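Novice: Got a structure for you, protein.cif, holding mmCIF, C-alpha atoms and all ligand atoms.
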data_run
#
loop_
_atom_site.label_atom_id
_atom_site.label_comp_id
_atom_site.auth_asym_id
_atom_site.auth_seq_id
_atom_site.Cartn_x
_atom_site.Cartn_y
_atom_site.Cartn_z
CA MET A 236 -17.46 23.49 -11.42
CA ARG A 237 -15.57 21.27 -13.75
CA ARG A 238 -12.54 19.05 -13.50
CA GLU A 239 -10.39 21.46 -15.50
CA ASP A 240 -10.88 24.07 -12.83
CA ARG A 241 -9.56 21.79 -10.13
CA THR A 242 -5.95 22.65 -10.72
CA LEU A 243 -5.01 24.00 -7.32
CA ALA A 244 -5.10 20.57 -5.74
CA GLU A 245 -2.81 19.26 -8.42
CA THR A 246 -0.31 21.97 -7.61
CA GLY A 247 -0.38 21.08 -3.94
CA GLU A 248 -2.57 23.86 -2.64
CA THR A 249 -5.18 23.09 -0.02
CA LYS A 250 -8.16 24.67 -1.73
CA VAL A 251 -9.36 22.79 -4.75
CA ALA A 252 -11.80 25.18 -6.33
CA ALA A 253 -14.83 27.22 -5.37
CA ALA A 254 -18.23 25.91 -6.37
CA ASP A 255 -16.90 22.45 -6.97
CA TYR A 256 -20.30 20.90 -7.44
CA GLU A 257 -23.04 20.23 -9.91
CA VAL A 258 -26.77 20.69 -9.43
CA LEU A 259 -28.69 18.01 -11.31
CA ASP A 260 -32.00 18.71 -9.59
CA GLN A 261 -33.05 21.95 -7.90
CA ARG A 262 -33.46 20.06 -4.63
CA PHE A 263 -29.66 19.97 -4.47
CA ALA A 264 -29.26 23.73 -4.83
CA ARG A 265 -30.13 24.34 -1.18
CA LEU A 266 -27.64 21.77 0.04
CA PHE A 267 -24.37 23.26 -1.20
CA ASN A 268 -23.18 26.80 -0.58
CA GLY A 269 -21.75 28.21 -3.79
CA SER A 270 -18.73 29.62 -2.00
CA ALA A 271 -17.83 26.35 -0.31
CA SER A 272 -14.90 24.40 -1.64
CA VAL A 273 -13.45 20.95 -1.50
CA GLU A 274 -10.25 21.00 0.56
CA LYS A 275 -7.46 18.48 0.42
CA LEU A 276 -6.42 17.80 4.02
CA PHE A 277 -3.85 15.05 3.61
CA THR A 278 -2.26 13.06 0.83
CA GLY A 279 0.10 10.10 0.68
CA CYS A 280 -2.25 7.13 0.98
CA ARG A 281 -2.39 4.24 -1.45
CA TRP A 282 -6.11 3.59 -0.97
CA ALA A 283 -7.92 5.71 1.57
CA GLU A 284 -11.08 4.19 2.99
CA GLY A 285 -13.33 3.92 6.00
CA PRO A 286 -13.52 7.35 7.66
CA ALA A 287 -15.08 7.47 11.12
CA TRP A 288 -15.78 10.64 13.08
CA PHE A 289 -15.11 10.89 16.80
CA ALA A 290 -17.19 13.81 18.05
CA ALA A 291 -15.70 14.01 21.55
CA GLY A 292 -12.13 14.11 20.28
CA ARG A 293 -12.90 16.07 17.11
CA TYR A 294 -10.91 13.77 14.87
CA VAL A 295 -11.36 11.48 11.89
CA VAL A 296 -9.84 8.00 11.82
CA TRP A 297 -9.49 6.34 8.45
CA SER A 298 -7.77 3.43 6.72
CA ASP A 299 -4.91 3.42 4.23
CA ILE A 300 -5.50 -0.20 3.34
CA PRO A 301 -2.47 -1.28 1.24
CA ASN A 302 -0.16 0.44 3.72
CA ASN A 303 -1.78 -1.52 6.55
CA ARG A 304 -2.26 1.58 8.65
CA MET A 305 -4.91 3.77 10.15
CA LEU A 306 -4.50 7.53 10.19
CA ARG A 307 -6.05 10.24 12.32
CA TYR A 308 -6.88 13.80 11.26
CA ASP A 309 -7.24 16.23 14.16
CA GLU A 310 -9.81 18.84 13.27
CA THR A 311 -8.56 21.26 15.92
CA ASP A 312 -5.19 21.88 14.28
CA GLY A 313 -5.15 19.91 11.02
CA HIS A 314 -2.49 17.52 12.26
CA VAL A 315 -2.38 13.99 10.81
CA SER A 316 -0.70 11.10 12.58
CA VAL A 317 -0.59 7.32 12.43
CA PHE A 318 -3.36 5.94 14.63
CA ARG A 319 -2.37 2.25 14.34
CA GLN A 320 0.13 0.32 12.21
CA PRO A 321 -0.03 -2.51 11.44
CA CYS A 322 -3.76 -2.56 11.82
CA GLY A 323 -4.91 -5.79 10.16
CA TYR A 324 -5.49 -4.02 6.84
CA THR A 325 -8.59 -2.31 8.14
CA ASN A 326 -11.20 -1.06 5.68
CA GLY A 327 -14.51 0.43 6.84
CA HIS A 328 -15.04 1.80 10.34
CA THR A 329 -17.89 3.15 12.36
CA VAL A 330 -18.43 4.43 15.88
CA ASP A 331 -20.94 2.51 17.96
CA ARG A 332 -23.57 3.88 20.32
CA GLN A 333 -21.06 3.90 23.19
CA GLY A 334 -18.49 5.84 21.19
CA ARG A 335 -16.25 2.85 20.46
CA LEU A 336 -14.48 2.24 17.18
CA VAL A 337 -15.80 -0.75 15.23
CA SER A 338 -13.55 -1.86 12.37
CA CYS A 339 -13.56 -4.22 9.40
CA GLU A 340 -10.21 -5.99 9.11
CA HIS A 341 -9.14 -7.67 5.90
CA GLY A 342 -6.02 -9.14 7.51
CA GLY A 343 -7.75 -10.53 10.55
CA ARG A 344 -10.79 -11.43 8.44
CA ARG A 345 -12.89 -10.09 11.25
CA VAL A 346 -14.91 -7.24 12.64
CA SER A 347 -13.22 -5.85 15.72
CA ARG A 348 -13.97 -3.26 18.34
CA THR A 349 -11.51 -0.99 20.09
CA GLU A 350 -12.60 -0.80 23.72
CA HIS A 351 -12.42 2.34 25.83
CA ASP A 352 -9.26 0.97 27.47
CA GLY A 353 -7.59 0.38 24.09
CA ARG A 354 -7.99 -3.40 23.84
CA VAL A 355 -9.02 -4.64 20.41
CA VAL A 356 -11.57 -7.45 20.67
CA THR A 357 -13.16 -9.67 18.04
CA ILE A 358 -16.83 -9.10 17.31
CA ALA A 359 -17.16 -11.59 14.44
CA ASP A 360 -14.68 -13.71 12.52
CA ARG A 361 -16.73 -16.76 11.51
CA TRP A 362 -20.09 -17.70 10.10
CA GLN A 363 -21.33 -21.25 10.50
CA GLY A 364 -17.83 -22.24 11.62
CA LYS A 365 -16.12 -20.87 8.51
CA ARG A 366 -13.80 -17.89 8.43
CA LEU A 367 -15.22 -14.71 6.96
CA ASN A 368 -13.80 -13.42 3.67
CA SER A 369 -12.68 -9.88 4.46
CA PRO A 370 -15.24 -7.58 6.12
CA ASN A 371 -15.52 -4.35 4.17
CA ASP A 372 -17.92 -1.90 5.79
CA VAL A 373 -19.95 -1.78 8.97
CA VAL A 374 -22.82 0.02 10.68
CA VAL A 375 -24.30 -0.27 14.15
CA LYS A 376 -28.08 -0.15 14.56
CA SER A 377 -29.66 1.63 17.52
CA ASP A 378 -30.42 -1.73 19.17
CA GLY A 379 -26.67 -2.44 19.28
CA SER A 380 -26.68 -5.02 16.48
CA ILE A 381 -23.67 -4.77 14.17
CA TRP A 382 -24.21 -5.15 10.42
CA PHE A 383 -21.36 -5.65 7.98
CA THR A 384 -20.57 -6.68 4.42
CA ASP A 385 -18.12 -9.45 3.56
CA PRO A 386 -16.85 -9.40 -0.04
CA THR A 387 -13.52 -10.95 -1.03
CA TYR A 388 -11.41 -7.87 -1.83
CA GLY A 389 -9.10 -8.46 1.12
CA ILE A 390 -8.33 -12.06 0.18
CA ASP A 391 -8.32 -11.73 -3.62
CA SER A 392 -4.64 -10.73 -3.53
CA ASP A 393 -1.94 -9.61 -1.15
CA TYR A 394 -2.55 -5.94 -2.01
CA GLU A 395 -5.25 -5.24 0.56
CA GLY A 396 -4.66 -8.11 2.94
CA ASP A 397 -3.49 -11.72 2.72
CA ARG A 398 -4.46 -13.79 -0.30
CA ALA A 399 -6.60 -16.76 0.60
CA GLU A 400 -9.53 -18.84 -0.54
CA SER A 401 -13.03 -18.03 0.56
CA GLU A 402 -14.29 -20.46 3.15
CA THR A 403 -17.89 -19.31 3.18
CA GLY A 404 -18.20 -19.57 -0.60
CA GLY A 405 -20.38 -16.45 -0.70
CA CYS A 406 -20.35 -12.73 -0.16
CA ASN A 407 -23.06 -11.80 2.30
CA VAL A 408 -24.29 -9.10 4.59
CA TYR A 409 -24.23 -10.24 8.20
CA ARG A 410 -25.90 -9.15 11.41
CA VAL A 411 -24.29 -9.70 14.79
CA ASP A 412 -26.85 -10.08 17.54
CA PRO A 413 -26.21 -7.59 20.35
CA ASP A 414 -27.12 -10.07 23.08
CA THR A 415 -25.84 -13.43 21.89
CA GLY A 416 -23.10 -12.41 19.47
CA GLU A 417 -24.55 -14.79 16.92
CA VAL A 418 -23.58 -14.00 13.32
CA GLU A 419 -26.45 -14.36 10.89
CA ALA A 420 -26.45 -13.88 7.10
CA VAL A 421 -29.22 -11.39 6.34
CA VAL A 422 -28.54 -10.55 2.67
CA THR A 423 -27.31 -13.38 0.46
CA ASP A 424 -28.29 -12.25 -3.05
CA MET A 425 -25.38 -9.91 -3.81
CA VAL A 426 -22.19 -10.49 -5.77
CA ARG A 427 -19.87 -8.20 -3.79
CA PRO A 428 -21.77 -6.27 -1.08
CA ASN A 429 -19.83 -3.20 -0.05
CA GLY A 430 -21.02 0.05 1.59
CA LEU A 431 -24.15 -0.09 3.73
CA ALA A 432 -26.28 2.20 5.89
CA PHE A 433 -29.73 2.45 7.46
CA SER A 434 -32.38 5.03 6.72
CA PRO A 435 -33.03 7.46 9.60
CA ASP A 436 -35.94 5.34 10.88
CA GLU A 437 -33.88 2.15 10.38
CA ARG A 438 -36.68 0.56 8.40
CA LEU A 439 -34.56 0.51 5.25
CA LEU A 440 -31.09 -0.90 4.69
CA TYR A 441 -29.15 0.42 1.71
CA VAL A 442 -26.36 -1.80 0.37
CA VAL A 443 -23.98 -1.22 -2.54
CA ASP A 444 -23.05 -4.15 -4.78
CA THR A 445 -19.69 -3.70 -6.53
CA GLY A 446 -19.85 -7.10 -8.18
CA ARG A 447 -18.76 -5.61 -11.48
CA SER A 448 -15.20 -5.93 -10.18
CA HIS A 449 -15.60 -9.67 -10.74
CA VAL A 450 -18.47 -9.89 -13.23
CA PRO A 451 -17.91 -7.24 -15.93
CA ASP A 452 -21.48 -7.04 -17.22
CA LEU A 453 -23.02 -6.17 -13.87
CA PRO A 454 -24.17 -2.65 -13.08
CA VAL A 455 -22.69 -1.01 -10.01
CA HIS A 456 -25.79 -0.35 -8.02
CA MET A 457 -27.30 0.27 -4.63
CA LYS A 458 -30.20 -1.82 -3.43
CA VAL A 459 -32.62 -1.10 -0.63
CA TYR A 460 -34.04 -3.73 1.71
CA ASP A 461 -36.86 -3.62 4.23
CA VAL A 462 -35.87 -4.19 7.85
CA SER A 463 -38.30 -5.27 10.56
CA GLY A 464 -38.03 -4.20 14.17
CA ALA A 465 -36.67 -7.63 14.99
CA GLY A 466 -33.89 -7.23 12.45
CA ARG A 467 -35.44 -9.40 9.74
CA VAL A 468 -34.51 -8.33 6.20
CA SER A 469 -36.80 -8.71 3.21
CA GLY A 470 -37.27 -7.36 -0.29
CA GLY A 471 -34.27 -5.90 -2.01
CA LYS A 472 -35.08 -3.63 -4.87
CA LEU A 473 -32.87 -1.47 -7.04
CA PHE A 474 -32.35 1.99 -5.57
CA ALA A 475 -29.75 3.56 -7.85
CA VAL A 476 -27.25 2.66 -10.56
CA CYS A 477 -23.90 4.41 -10.39
CA THR A 478 -23.39 6.77 -13.33
CA GLU A 479 -19.64 7.28 -12.90
CA GLY A 480 -17.18 4.66 -11.72
CA PHE A 481 -18.08 2.73 -8.60
CA PHE A 482 -20.22 3.39 -5.58
CA ASP A 483 -18.43 2.23 -2.44
CA GLY A 484 -19.08 3.58 1.05
CA PHE A 485 -21.75 6.19 1.78
CA ARG A 486 -23.56 8.07 4.57
CA LEU A 487 -26.95 9.66 5.07
CA ASP A 488 -27.87 13.15 6.18
CA GLU A 489 -30.64 14.02 8.62
CA ALA A 490 -33.23 14.11 5.85
CA GLY A 491 -32.31 10.65 4.66
CA ARG A 492 -30.46 11.80 1.56
CA ILE A 493 -27.63 9.53 0.52
CA TRP A 494 -24.14 10.95 -0.02
CA THR A 495 -22.23 8.21 -1.76
CA SER A 496 -18.75 7.80 -3.09
CA ALA A 497 -18.37 7.49 -6.87
CA GLY A 498 -15.75 7.75 -9.57
CA ASP A 499 -15.82 11.53 -9.81
CA GLY A 500 -16.48 12.39 -6.18
CA ILE A 501 -19.64 12.27 -4.10
CA HIS A 502 -23.10 11.74 -5.56
CA CYS A 503 -26.17 12.87 -3.63
CA TYR A 504 -29.43 10.94 -3.94
CA ASP A 505 -32.83 11.99 -2.71
CA PRO A 506 -34.58 9.21 -0.75
CA ASP A 507 -36.82 8.79 -3.81
CA GLY A 508 -33.78 7.52 -5.74
CA THR A 509 -33.11 10.64 -7.84
CA LEU A 510 -29.49 11.68 -8.35
CA ILE A 511 -29.84 15.35 -7.43
CA GLY A 512 -26.26 16.60 -7.36
CA LYS A 513 -22.57 15.93 -7.18
CA VAL A 514 -19.58 17.18 -5.25
CA PHE A 515 -16.54 16.82 -7.47
CA VAL A 516 -13.36 15.42 -5.95
CA PRO A 517 -10.15 15.19 -7.99
CA GLU A 518 -9.76 11.44 -7.33
CA PRO A 519 -12.10 8.46 -7.31
CA SER A 520 -13.77 8.44 -3.92
CA ALA A 521 -14.23 5.39 -1.72
CA ASN A 522 -16.12 6.57 1.32
CA CYS A 523 -17.21 9.55 3.39
CA VAL A 524 -18.42 10.53 6.84
CA PHE A 525 -20.13 13.55 8.35
CA GLY A 526 -18.10 15.27 11.03
CA GLY A 527 -17.36 18.60 12.56
CA GLN A 528 -19.02 19.97 15.68
CA LYS A 529 -22.28 20.42 13.76
CA ARG A 530 -21.88 17.29 11.60
CA ASN A 531 -21.98 19.53 8.55
CA VAL A 532 -18.51 18.73 7.25
CA LEU A 533 -18.28 15.82 4.86
CA TYR A 534 -14.91 14.08 5.13
CA ILE A 535 -14.09 12.13 1.99
CA CYS A 536 -11.57 9.33 1.48
CA ALA A 537 -10.50 9.45 -2.17
CA THR A 538 -7.67 7.17 -3.30
CA THR A 539 -4.51 8.99 -2.14
CA SER A 540 -6.06 11.71 -0.04
CA LEU A 541 -8.46 12.88 2.63
CA TYR A 542 -10.71 15.75 1.56
CA ALA A 543 -13.40 17.78 3.30
CA VAL A 544 -16.25 20.01 2.22
CA ARG A 545 -18.64 22.01 4.37
CA LEU A 546 -22.27 21.45 3.41
CA MET A 547 -25.57 23.12 4.20
CA VAL A 548 -26.95 19.89 5.62
CA ASN A 549 -26.12 17.92 8.74
CA GLY A 550 -25.21 14.28 8.91
CA LEU A 551 -27.56 11.77 10.45
CA LYS A 552 -26.71 11.38 14.11
CA THR A 553 -25.92 7.74 14.76
CA TYR A 554 -24.43 7.93 18.27
MG MG A 601 -16.01 -0.39 0.81
#
Taking this structure as input, can you express it in the form of structure tokens?
Ligand code: MG
Specialist:
Amino acid sequence: MRREDRTLAETGETKVAAADYEVLDQRFARLFNGSASVEKLFTGCRWAEGPAWFAAGRYVVWSDIPNNRMLRYDETDGHVSVFRQPCGYTNGHTVDRQGRLVSCEHGGRRVSRTEHDGRVVTIADRWQGKRLNSPNDVVVKSDGSIWFTDPTYGIDSDYEGDRAESETGGCNVYRVDPDTGEVEAVVTDMVRPNGLAFSPDERLLYVVDTGRSHVPDLPVHMKVYDVSGAGRVSGGKLFAVCTEGFFDGFRLDEAGRIWTSAGDGIHCYDPDGTLIGKVFVPEPSANCVFGGQKRNVLYICATTSLYAVRLMVNGLKTY
């Protein structure tokens, strides 16, 4: 249950520890099988981020941002290979409703899509004529609109991209219209918007603000916005404050619970905003995605490594 028990990973074994979780609310007890364990699947990244699950191929693609590469974990045999390098310092990825990879690129300062024939095309690289900062994370709504966050982490230094000045002068959440391709700023009140996801009914948009990286007194929190059927965003109230390290990317399960990255692993929030449990990971975690043939395996990108844990819940089906 505790960090001290997680010694197997440090010695290079695959299994980390049994019962590597913490129940903070009894609602979490049904979600994690006590005999399940967090497994380390691959190590050797500098900063692992942006896992995306391809159901048809049974593989996970993720980013190793400072190494400017994307990796692929094949669930059928555990093999890991380089998917693309260089890759434009990709960060977050998702799979759209047609099964295509949609990627945030720090280097290209754009959101791109990998077509079925392998071509990589630009979805968005400017707003009001100005170059984007460095898109960080992305989701696709059921109407085909593409929503992404645009903090400055990829242009702050040469570590995760190419150092440059911001042209937009802000860090916003944007929506790309599925018909016109128009890029519209829909959330403009955040310091460094980061991970984002919709509720199962798509009436709520959750967005993490990691502005503390630049403004030390800020809390690391997740806000929730109301979304109209036409894609209008309103409100924006506090949903949760991170209790350990930083929230970054996150995903929802079928019941609308939020499984978010944090400093000590994955934190699970009930839709009412209660932190109900944790899955401990030996490294600070940056993002996760549900995969496996039943979408009940949570793949976790955590600093140097890709981990997985089998849960008793299923991920929200988004394509
Ligand atoms: Mg992120």
Novice: Considering only C-alpha atoms and all ligand atoms, state which residue in the set A:Tyr308, A:Tyr441, A:Tyr388, A:Tyr504 is at the smallest distance from ligand MG 601 (chain A).
Specialist: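 When distances to ligand MG 601 (chain A) are compared using only C-alpha atoms and all ligand atoms, the smallest one comes from A:Tyr388.
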Novice: Please identify all protein, DNA and RNA residues within 7 Å of ligand MG 601 (chain A), counting all atoms listed in the file, and report them as a PDB file with C-alpha atoms, keeping the file's coordinate frame.
Specialist:
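Final output, saved to selection_26.pdb:
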ATOM      1  CA  ASN A 326     -11.200  -1.060   5.680  1.00  0.00           C
ATOM      2  CA  GLY A 327     -14.510   0.430   6.840  1.00  0.00           C
ATOM      3  CA  ASN A 371     -15.520  -4.350   4.170  1.00  0.00           C
ATOM      4  CA  ASP A 372     -17.920  -1.900   5.790  1.00  0.00           C
ATOM      5  CA  ASN A 429     -19.830  -3.200  -0.050  1.00  0.00           C
ATOM      6  CA  GLY A 430     -21.020   0.050   1.590  1.00  0.00           C
ATOM      7  CA  ASP A 483     -18.430   2.230  -2.440  1.00  0.00           C
ATOM      8  CA  GLY A 484     -19.080   3.580   1.050  1.00  0.00           C
ATOM      9  CA  ALA A 521     -14.230   5.390  -1.720  1.00  0.00           C
ATOM     10  CA  ASN A 522     -16.120   6.570   1.320  1.00  0.00           C
TER      11      ASN A 522
END
Novice: Kindly give the distance, in Å, that separates atom CA of A:Gly480 and atom CA of A:Pro519, rounded to a single decimal.
Specialist: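 According to the coordinates, atom CA of A:Gly480 and atom CA of A:Pro519 are separated by 7.7 Å.
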Novice: Identify, on the basis of only C-alpha atoms, every residue whose closest approach to stretch 254-259 of chain A does not exceed 6 Å; exclude the query and any residue fewer than 4 positions from it along the same chain; express the result as a list in words.
Specialist: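 These residues fall inside the cut-off: Met236, Phe263, Gly269, Ser270, Ser272, Ile511, Gly512, Lys513, Val514 and Phe515 of chain A.
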Novice: Show me the residues around (-35.0, 0.0, 8.9) - criterion: an atom at most 10 Å away, only C-alpha atoms counted - as a list in words.
Specialist: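 Taken together, the residues in range are Lys376, Ala432, Phe433, Ser434, Pro435, Asp436, Glu437, Arg438, Leu439, Leu440, Tyr441, Val459, Tyr460, Asp461, Val462, Ser463, Gly464, Ala465, Gly466, Arg467 and Val468 of chain A.
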Novice: With all atoms listed in the file as the basis for distance, which of A:Ala291, A:Gln261, A:Gly470, A:Glu274 is at the shortest distance from A:Arg545?
Specialist: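 Of all the options, A:Glu274 lies closest to A:Arg545.
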Novice: Taking (-6.1, -12.0, 3.5) in the file's coordinates as the center, which residues reach within 8 Å of it, counting all atoms listed in the file, put as a list in words?
Specialist: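 Residues satisfying the cut-off, written out: His341, Gly342, Gly343, Arg344, Asn368, Ser369, Gly389, Ile390, Asp391, Ser392, Asp393, Glu395, Gly396, Asp397, Arg398 and Ala399 of chain A.
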Novice: How far is it from atom CA of A:Glu350 to atom CA of A:Ser338, in Å with one decimal?
Specialist: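 Separation between atom CA of A:Glu350 and atom CA of A:Ser338: 11.4 Å.
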Novice: For atom CA of A:Pro506 and atom CA of A:Asn531, quote the distance in Å rounded to one decimal.
Specialist: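 Answer for the atom CA of A:Pro506 to atom CA of A:Asn531 separation: 18.8 Å.
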Novice: Using only C-alpha atoms, which protein or nucleic acid residues come within 8 Å of A:Asp331? Drop anything in the same chain fewer than 4 positions from it, and give the result as a PyMOL selection string.
Specialist: chain A and resi 335-337+374-375+379+553-554
Novice: Identify, on the basis of only C-alpha atoms, every residue whose closest approach to stretch 301-303 of chain A does not exceed 6 Å; exclude the query and any residue fewer than 2 positions from it along the same chain; express the result as a PyMOL selection string.
Specialist: chain A and resi 299+321-322+324+394-395
Novice: Contacts of stretch 265-268 of chain A at 7 Å or less, counting only C-alpha atoms, minus same-chain residues fewer than 2 places along, as a PyMOL selection string?
Specialist: chain A and resi 262-263+270-271+546-548
Novice: With distances taken over all atoms listed in the file, which residue among A:Met425, A:Val516, A:Ala283, A:Val544 lies nearest A:Lys472?
Specialist: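 Going through A:Met425, A:Val516, A:Ala283, A:Val544 one by one, the smallest distance to A:Lys472 is for A:Met425.
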Novice: Kindly provide the residues of stretch 279-384 of chain A that approach stretch 401-422 of chain A to within 12 Å, each paired with its closest atom pair and their distance in Å to one decimal, based on all atoms listed in the file, listed by chain and increasing number, as a Markdown table.
Specialist:
| residue | atom | partner | partner_atom | distance |
| --- | --- | --- | --- | --- |
| A:Asp331 | CA | A:Pro413 | CA | 11.6 |
| A:Arg332 | CA | A:Pro413 | CA | 11.8 |
| A:Arg344 | CA | A:Ser401 | CA | 10.5 |
| A:Arg345 | CA | A:Val418 | CA | 11.6 |
| A:Val346 | CA | A:Val411 | CA | 9.9 |
| A:Ser347 | CA | A:Val411 | CA | 11.8 |
| A:Thr357 | CA | A:Gly416 | CA | 10.4 |
| A:Ile358 | CA | A:Gly416 | CA | 7.4 |
| A:Ala359 | CA | A:Val418 | CA | 6.9 |
| A:Asp360 | CA | A:Val418 | CA | 8.9 |
| A:Arg361 | CA | A:Val418 | CA | 7.6 |
| A:Trp362 | CA | A:Val418 | CA | 6.0 |
| A:Gln363 | CA | A:Val418 | CA | 8.1 |
| A:Gly364 | CA | A:Thr403 | CA | 8.9 |
| A:Lys365 | CA | A:Glu402 | CA | 5.7 |
| A:Arg366 | CA | A:Glu402 | CA | 5.9 |
| A:Leu367 | CA | A:Thr403 | CA | 6.5 |
| A:Asn368 | CA | A:Ser401 | CA | 5.6 |
| A:Ser369 | CA | A:Ser401 | CA | 9.0 |
| A:Pro370 | CA | A:Val408 | CA | 9.3 |
| A:Asn371 | CA | A:Val408 | CA | 10.0 |
| A:Asp372 | CA | A:Val408 | CA | 9.7 |
| A:Val373 | CA | A:Tyr409 | CA | 9.5 |
| A:Val374 | CA | A:Arg410 | CA | 9.7 |
| A:Val375 | CA | A:Arg410 | CA | 9.4 |
| A:Lys376 | CA | A:Pro413 | CA | 9.6 |
| A:Ser377 | CA | A:Pro413 | CA | 10.2 |
| A:Asp378 | CA | A:Pro413 | CA | 7.3 |
| A:Gly379 | CA | A:Pro413 | CA | 5.3 |
| A:Ser380 | CA | A:Pro413 | CA | 4.7 |
| A:Ile381 | CA | A:Val411 | CA | 5.0 |
| A:Trp382 | CA | A:Arg410 | CA | 4.5 |
| A:Phe383 | CA | A:Tyr409 | CA | 5.4 |
| A:Thr384 | CA | A:Val408 | CA | 4.4 |
Novice: Identify which of the residues A:Arg492, A:Arg293, A:Arg281, A:His449 lies closest to A:Met305, counting all atoms listed in the file when measuring atom-to-atom distances.
Specialist: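 Of A:Arg492, A:Arg293, A:Arg281, A:His449, the one nearest A:Met305, counting all atoms listed in the file, is A:Arg281.
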Novice: Find, counting all atoms listed in the file, the residue in A:Gly279, A:Ile501, A:Asp424, A:Glu310 that gets nearest to A:Tyr294.
Specialist: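 Checking each candidate against A:Tyr294, we get A:Glu310 as the closest.
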Novice: Enclose stretch 322-337 of chain A, meaning all of its atoms listed in the file, in a box aligned along x, y and z, pad it by 4 Å on each side, and list the centre and edge lengths in Å to one decimal, as lines of an AutoDock Vina configuration file.
Specialist:
center_x = -13.7
center_y = 0.0
center_z = 14.4
size_x = 27.8
size_y = 19.6
size_z = 25.5
Novice: Nearest to A:Thr539: which of A:Ser496, A:Gly526, A:Pro517, A:Lys552 is it, counting all atoms listed in the file?
Specialist: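 Distance minimum relative to A:Thr539 lands on A:Pro517.
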Novice: Complete the atom set of stretch 470-487 of chain A to N, CA and C atoms and return it as a PDB file, in the coordinates of the input.
Specialist:
ATOM      1  N   GLY A 470     -37.264  -8.199   0.916  1.00  0.00           N
ATOM      2  CA  GLY A 470     -37.270  -7.360  -0.290  1.00  0.00           C
ATOM      3  C   GLY A 470     -35.900  -7.293  -0.912  1.00  0.00           C
ATOM      4  N   GLY A 471     -35.539  -6.114  -1.324  1.00  0.00           N
ATOM      5  CA  GLY A 471     -34.270  -5.900  -2.010  1.00  0.00           C
ATOM      6  C   GLY A 471     -34.537  -5.445  -3.414  1.00  0.00           C
ATOM      7  N   LYS A 472     -34.823  -4.165  -3.537  1.00  0.00           N
ATOM      8  CA  LYS A 472     -35.080  -3.630  -4.870  1.00  0.00           C
ATOM      9  C   LYS A 472     -33.997  -2.618  -5.238  1.00  0.00           C
ATOM     10  N   LEU A 473     -33.881  -2.404  -6.536  1.00  0.00           N
ATOM     11  CA  LEU A 473     -32.870  -1.470  -7.040  1.00  0.00           C
ATOM     12  C   LEU A 473     -33.180  -0.063  -6.551  1.00  0.00           C
ATOM     13  N   PHE A 474     -32.172   0.599  -5.984  1.00  0.00           N
ATOM     14  CA  PHE A 474     -32.350   1.990  -5.570  1.00  0.00           C
ATOM     15  C   PHE A 474     -31.691   2.945  -6.547  1.00  0.00           C
ATOM     16  N   ALA A 475     -30.462   2.662  -6.943  1.00  0.00           N
ATOM     17  CA  ALA A 475     -29.750   3.560  -7.850  1.00  0.00           C
ATOM     18  C   ALA A 475     -28.639   2.793  -8.570  1.00  0.00           C
ATOM     19  N   VAL A 476     -28.376   3.197  -9.795  1.00  0.00           N
ATOM     20  CA  VAL A 476     -27.250   2.660 -10.560  1.00  0.00           C
ATOM     21  C   VAL A 476     -26.200   3.749 -10.669  1.00  0.00           C
ATOM     22  N   CYS A 477     -24.968   3.410 -10.371  1.00  0.00           N
ATOM     23  CA  CYS A 477     -23.900   4.410 -10.390  1.00  0.00           C
ATOM     24  C   CYS A 477     -23.644   4.887 -11.823  1.00  0.00           C
ATOM     25  N   THR A 478     -23.566   6.201 -11.996  1.00  0.00           N
ATOM     26  CA  THR A 478     -23.390   6.770 -13.330  1.00  0.00           C
ATOM     27  C   THR A 478     -21.934   7.089 -13.656  1.00  0.00           C
ATOM     28  N   GLU A 479     -21.052   6.962 -12.670  1.00  0.00           N
ATOM     29  CA  GLU A 479     -19.640   7.280 -12.900  1.00  0.00           C
ATOM     30  C   GLU A 479     -18.783   6.418 -11.977  1.00  0.00           C
ATOM     31  N   GLY A 480     -18.053   5.485 -12.544  1.00  0.00           N
ATOM     32  CA  GLY A 480     -17.180   4.660 -11.720  1.00  0.00           C
ATOM     33  C   GLY A 480     -17.964   3.731 -10.808  1.00  0.00           C
ATOM     34  N   PHE A 481     -17.500   3.660  -9.569  1.00  0.00           N
ATOM     35  CA  PHE A 481     -18.080   2.730  -8.600  1.00  0.00           C
ATOM     36  C   PHE A 481     -18.627   3.468  -7.388  1.00  0.00           C
ATOM     37  N   PHE A 482     -19.820   3.085  -6.953  1.00  0.00           N
ATOM     38  CA  PHE A 482     -20.220   3.390  -5.580  1.00  0.00           C
ATOM     39  C   PHE A 482     -19.331   2.551  -4.662  1.00  0.00           C
ATOM     40  N   ASP A 483     -19.116   3.039  -3.447  1.00  0.00           N
ATOM     41  CA  ASP A 483     -18.430   2.230  -2.440  1.00  0.00           C
ATOM     42  C   ASP A 483     -19.110   2.539  -1.114  1.00  0.00           C
ATOM     43  N   GLY A 484     -18.442   3.225  -0.210  1.00  0.00           N
ATOM     44  CA  GLY A 484     -19.080   3.580   1.050  1.00  0.00           C
ATOM     45  C   GLY A 484     -19.933   4.834   0.915  1.00  0.00           C
ATOM     46  N   PHE A 485     -20.865   5.018   1.841  1.00  0.00           N
ATOM     47  CA  PHE A 485     -21.750   6.190   1.780  1.00  0.00           C
ATOM     48  C   PHE A 485     -22.325   6.476   3.170  1.00  0.00           C
ATOM     49  N   ARG A 486     -22.894   7.669   3.324  1.00  0.00           N
ATOM     50  CA  ARG A 486     -23.560   8.070   4.570  1.00  0.00           C
ATOM     51  C   ARG A 486     -24.834   8.820   4.233  1.00  0.00           C
ATOM     52  N   LEU A 487     -25.697   8.946   5.239  1.00  0.00           N
ATOM     53  CA  LEU A 487     -26.950   9.660   5.070  1.00  0.00           C
ATOM     54  C   LEU A 487     -26.919  10.957   5.868  1.00  0.00           C
TER      55      LEU A 487
END
